[in-house]
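Listing of coords35.pdb; format and content: PDB, C-alpha atoms, pLDDT in the B column.
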MODEL        1
ATOM      1  CA  MET A   1      -4.616  13.404 -18.731  1.00 93.00           C
ATOM      2  CA  THR A   2      -3.623  16.974 -17.987  1.00 94.00           C
ATOM      3  CA  SER A   3      -3.329  18.792 -14.691  1.00 92.00           C
ATOM      4  CA  GLY A   4      -6.151  21.012 -16.005  1.00 94.00           C
ATOM      5  CA  ASP A   5      -8.410  17.948 -16.288  1.00 94.00           C
ATOM      6  CA  VAL A   6      -7.598  17.037 -12.692  1.00 93.00           C
ATOM      7  CA  THR A   7      -8.122  20.589 -11.437  1.00 93.00           C
ATOM      8  CA  LEU A   8     -11.480  20.963 -13.166  1.00 94.00           C
ATOM      9  CA  TYR A   9     -12.650  17.577 -11.878  1.00 94.00           C
ATOM     10  CA  ALA A  10     -11.623  18.474  -8.310  1.00 91.00           C
ATOM     11  CA  ALA A  11     -13.343  21.873  -8.592  1.00 93.00           C
ATOM     12  CA  LEU A  12     -16.589  20.310  -9.838  1.00 94.00           C
ATOM     13  CA  TYR A  13     -16.752  17.216  -7.640  1.00 92.00           C
ATOM     14  CA  GLY A  14     -14.353  17.789  -4.772  1.00 87.00           C
ATOM     15  CA  SER A  15     -11.572  15.532  -3.662  1.00 83.00           C
ATOM     16  CA  ARG A  16     -12.581  12.276  -1.983  1.00 82.00           C
ATOM     17  CA  PHE A  17      -9.229  11.197  -0.560  1.00 90.00           C
ATOM     18  CA  ALA A  18      -6.055  12.831   0.736  1.00 92.00           C
ATOM     19  CA  VAL A  19      -3.805  10.796  -1.558  1.00 94.00           C
ATOM     20  CA  GLN A  20      -5.305  12.423  -4.665  1.00 93.00           C
ATOM     21  CA  SER A  21      -5.271  15.936  -3.280  1.00 90.00           C
ATOM     22  CA  SER A  22      -1.828  16.245  -1.683  1.00 92.00           C
ATOM     23  CA  ASP A  23       1.554  15.546  -3.261  1.00 94.00           C
ATOM     24  CA  ARG A  24       3.085  15.614   0.226  1.00 96.00           C
ATOM     25  CA  PHE A  25       0.708  12.971   1.551  1.00 96.00           C
ATOM     26  CA  ALA A  26       1.044  10.855  -1.610  1.00 97.00           C
ATOM     27  CA  THR A  27       4.846  10.812  -1.484  1.00 97.00           C
ATOM     28  CA  ALA A  28       4.756   9.960   2.229  1.00 97.00           C
ATOM     29  CA  ILE A  29       2.910   6.729   1.426  1.00 97.00           C
ATOM     30  CA  GLY A  30       5.026   5.756  -1.573  1.00 96.00           C
ATOM     31  CA  TYR A  31       3.568   7.445  -4.653  1.00 97.00           C
ATOM     32  CA  ALA A  32       5.705   9.598  -6.944  1.00 96.00           C
ATOM     33  CA  LYS A  33       3.162  12.415  -6.510  1.00 95.00           C
ATOM     34  CA  ALA A  34      -0.611  12.709  -6.079  1.00 95.00           C
ATOM     35  CA  PRO A  35      -2.283  10.335  -8.547  1.00 97.00           C
ATOM     36  CA  VAL A  36      -5.381  11.207 -10.552  1.00 96.00           C
ATOM     37  CA  ASP A  37      -8.703  10.343  -8.879  1.00 95.00           C
ATOM     38  CA  ASP A  38      -9.744   6.805  -9.847  1.00 93.00           C
ATOM     39  CA  LEU A  39     -13.240   7.884 -10.857  1.00 93.00           C
ATOM     40  CA  LEU A  40     -11.867  10.484 -13.276  1.00 96.00           C
ATOM     41  CA  VAL A  41      -9.660   7.779 -14.820  1.00 96.00           C
ATOM     42  CA  PHE A  42     -12.703   5.469 -15.029  1.00 94.00           C
ATOM     43  CA  HIS A  43     -14.798   8.131 -16.781  1.00 93.00           C
ATOM     44  CA  VAL A  44     -12.083   9.007 -19.296  1.00 95.00           C
ATOM     45  CA  VAL A  45     -11.279   5.379 -20.169  1.00 94.00           C
ATOM     46  CA  PHE A  46     -14.912   4.374 -20.600  1.00 90.00           C
ATOM     47  CA  GLY A  47     -15.589   7.562 -22.516  1.00 91.00           C
ATOM     48  CA  LYS A  48     -12.951   6.387 -24.983  1.00 92.00           C
ATOM     49  CA  THR A  49     -14.940   3.170 -25.590  1.00 89.00           C
ATOM     50  CA  VAL A  50     -18.053   5.025 -26.796  1.00 86.00           C
ATOM     51  CA  PRO A  51     -17.162   5.302 -30.515  1.00 86.00           C
ATOM     52  CA  ASP A  52     -16.513   1.585 -30.959  1.00 81.00           C
ATOM     53  CA  ILE A  53     -18.742  -0.033 -28.328  1.00 82.00           C
ATOM     54  CA  SER A  54     -21.702   1.929 -27.030  1.00 77.00           C
ATOM     55  CA  LEU A  55     -22.358   4.547 -29.713  1.00 76.00           C
ATOM     56  CA  ASN A  56     -25.270   2.470 -31.066  1.00 73.00           C
ATOM     57  CA  ALA A  57     -26.381   1.050 -27.722  1.00 78.00           C
ATOM     58  CA  VAL A  58     -29.616   2.002 -26.010  1.00 75.00           C
ATOM     59  CA  ALA A  59     -27.970   1.984 -22.583  1.00 74.00           C
ATOM     60  CA  ASN A  60     -25.025   0.740 -20.579  1.00 74.00           C
ATOM     61  CA  LEU A  61     -26.541  -1.604 -18.027  1.00 75.00           C
ATOM     62  CA  GLY A  62     -23.618  -1.808 -15.658  1.00 82.00           C
ATOM     63  CA  TYR A  63     -19.968  -2.375 -14.983  1.00 86.00           C
ATOM     64  CA  ALA A  64     -18.393  -5.287 -13.130  1.00 88.00           C
ATOM     65  CA  GLY A  65     -14.950  -6.332 -12.058  1.00 90.00           C
ATOM     66  CA  CYS A  66     -13.340  -2.886 -12.248  1.00 92.00           C
ATOM     67  CA  ARG A  67      -9.743  -2.921 -11.082  1.00 94.00           C
ATOM     68  CA  PHE A  68      -7.263  -0.086 -10.841  1.00 94.00           C
ATOM     69  CA  LEU A  69      -3.870  -1.723 -11.179  1.00 94.00           C
ATOM     70  CA  ALA A  70      -1.544   1.271 -11.547  1.00 95.00           C
ATOM     71  CA  PRO A  71      -1.666   4.918 -10.546  1.00 96.00           C
ATOM     72  CA  VAL A  72      -2.303   7.521 -13.231  1.00 97.00           C
ATOM     73  CA  TYR A  73      -0.554  10.875 -12.988  1.00 97.00           C
ATOM     74  CA  PRO A  74      -1.167  14.173 -14.762  1.00 95.00           C
ATOM     75  CA  GLY A  75       0.711  13.996 -18.055  1.00 96.00           C
ATOM     76  CA  ASP A  76      -0.014  10.293 -18.602  1.00 97.00           C
ATOM     77  CA  THR A  77      -1.732   9.216 -21.808  1.00 97.00           C
ATOM     78  CA  LEU A  78      -4.835   7.057 -21.414  1.00 96.00           C
ATOM     79  CA  THR A  79      -5.923   4.542 -24.016  1.00 95.00           C
ATOM     80  CA  ALA A  80      -8.745   2.011 -24.112  1.00 94.00           C
ATOM     81  CA  VAL A  81      -9.087  -1.336 -25.858  1.00 93.00           C
ATOM     82  CA  SER A  82     -12.376  -3.249 -25.894  1.00 91.00           C
ATOM     83  CA  GLU A  83     -13.392  -6.719 -26.975  1.00 91.00           C
ATOM     84  CA  VAL A  84     -16.794  -8.350 -27.220  1.00 89.00           C
ATOM     85  CA  ILE A  85     -16.818 -11.387 -24.933  1.00 91.00           C
ATOM     86  CA  GLY A  86     -20.463 -12.432 -25.128  1.00 91.00           C
ATOM     87  CA  LEU A  87     -23.873 -11.855 -26.632  1.00 87.00           C
ATOM     88  CA  LYS A  88     -27.336 -12.635 -25.299  1.00 89.00           C
ATOM     89  CA  GLU A  89     -30.065 -12.074 -27.887  1.00 88.00           C
ATOM     90  CA  ASN A  90     -33.651 -11.394 -26.870  1.00 87.00           C
ATOM     91  CA  SER A  91     -36.556 -13.471 -28.199  1.00 89.00           C
ATOM     92  CA  SER A  92     -36.972 -11.337 -31.359  1.00 87.00           C
ATOM     93  CA  ARG A  93     -33.258 -11.785 -32.180  1.00 83.00           C
ATOM     94  CA  LYS A  94     -33.123  -8.101 -33.172  1.00 81.00           C
ATOM     95  CA  THR A  95     -31.646  -6.772 -29.932  1.00 82.00           C
ATOM     96  CA  GLY A  96     -30.012  -8.091 -26.824  1.00 85.00           C
ATOM     97  CA  VAL A  97     -27.178  -7.636 -24.381  1.00 87.00           C
ATOM     98  CA  VAL A  98     -23.561  -7.422 -25.488  1.00 86.00           C
ATOM     99  CA  TYR A  99     -20.881  -8.235 -22.927  1.00 89.00           C
ATOM    100  CA  VAL A 100     -17.664  -6.275 -23.409  1.00 90.00           C
ATOM    101  CA  ARG A 101     -14.288  -6.291 -21.686  1.00 92.00           C
ATOM    102  CA  SER A 102     -12.569  -2.923 -21.800  1.00 92.00           C
ATOM    103  CA  ARG A 103      -9.052  -2.251 -20.579  1.00 94.00           C
ATOM    104  CA  GLY A 104      -7.507   1.126 -20.059  1.00 93.00           C
TER     105      GLY A 104
ENDMDL
END
Represent the structure of the file as structure tokens.
Amino acid sequence: MTSGDVTLYAALYGSRFAVQSSDRFATAIGYAKAPVDDLLVFHVVFGKTVPDISLNAVANLGYAGCRFLAPVYPGDTLTAVSEVIGLKENSSRKTGVVYVRSRG
């Protein structure tokens, strides 16, 4: 995650919170510096799951149980690991819903 990624994201979508847009504010509340916006982290991590999980899918139906357990800062490397945790076939047994747990 580069500072250029963060800058472009902020320019396109705007900053939602002070903690992600001000190093001064972020350090005042205990962060090392302003962390990367959580939604940008979410998009990058789930984008990394496309080649192995959703490349052949018709659609992603939804996300559940998202947790952000540690701040991400510009310069950090993001990785994603996914595992299939369930399968629900439809009546034709040719398609269905695949349940996946991804961690970034």
>> Using the chain letters and numbers from this file, what does the PyMOL selection byres ((chain A and resi 93-102) around 8) select? Give the answer as a VMD selection string.
In response: chain A and resid 46 49 80 to 92 103 to 104
Selection to disk with C-alpha atoms, as a PDB file, keeping the file's coordinate frame:
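File produced: selection-v4.pdb:
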ATOM      1  CA  PHE A  46     -14.912   4.374 -20.600  1.00 90.00           C
ATOM      2  CA  THR A  49     -14.940   3.170 -25.590  1.00 89.00           C
ATOM      3  CA  ALA A  80      -8.745   2.011 -24.112  1.00 94.00           C
ATOM      4  CA  VAL A  81      -9.087  -1.336 -25.858  1.00 93.00           C
ATOM      5  CA  SER A  82     -12.376  -3.249 -25.894  1.00 91.00           C
ATOM      6  CA  GLU A  83     -13.392  -6.719 -26.975  1.00 91.00           C
ATOM      7  CA  VAL A  84     -16.794  -8.350 -27.220  1.00 89.00           C
ATOM      8  CA  ILE A  85     -16.818 -11.387 -24.933  1.00 91.00           C
ATOM      9  CA  GLY A  86     -20.463 -12.432 -25.128  1.00 91.00           C
ATOM     10  CA  LEU A  87     -23.873 -11.855 -26.632  1.00 87.00           C
ATOM     11  CA  LYS A  88     -27.336 -12.635 -25.299  1.00 89.00           C
ATOM     12  CA  GLU A  89     -30.065 -12.074 -27.887  1.00 88.00           C
ATOM     13  CA  ASN A  90     -33.651 -11.394 -26.870  1.00 87.00           C
ATOM     14  CA  SER A  91     -36.556 -13.471 -28.199  1.00 89.00           C
ATOM     15  CA  SER A  92     -36.972 -11.337 -31.359  1.00 87.00           C
ATOM     16  CA  ARG A 103      -9.052  -2.251 -20.579  1.00 94.00           C
ATOM     17  CA  GLY A 104      -7.507   1.126 -20.059  1.00 93.00           C
TER      18      GLY A 104
END
> Care to translate the PyMOL selection byres ((chain A and resi 75) around 6) into actual residues of this file, as a PyMOL selection string?
Replying inline: chain A and resi 1-2+74+76
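Between CA of Asp37 in chain A and CA of Ser15 in chain A lies a distance of 7.9 Å.
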>> If I take CA of Ser3 in chain A and CA of Ala32 in chain A, how far is one from the other in Å, to one decimal?
In response: 15.0 Å
> What is the distance, in Å and to one decimal place, between CA of Val45 in chain A and CA of Ala28 in chain A?
Replying inline: 27.9 Å
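With the shown file loaded, the PyMOL selection byres ((chain A and resi 33) around 9) picks out Val19, Gln20, Ser22, Asp23, Arg24, Phe25, Ala26, Thr27, Gly30, Tyr31, Ala32, Ala34, Pro35 and Tyr73 of chain A.
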For range 42-55 of chain A, take all atoms listed in the file, fit an axis-aligned box around them, add 8 Å to each of the six sides, then output centre and edge lengths in Å rounded to one decimal, as JSON.
{"center_x": -16.8, "center_y": 4.5, "center_z": -23.0, "size_x": 27.1, "size_y": 25.0, "size_z": 31.9}
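Among the candidate residues A:Cys66, A:Leu61, A:Leu55, A:His43, the one lying nearest to Leu78 in chain A is A:His43, with distances computed using only C-alpha atoms.
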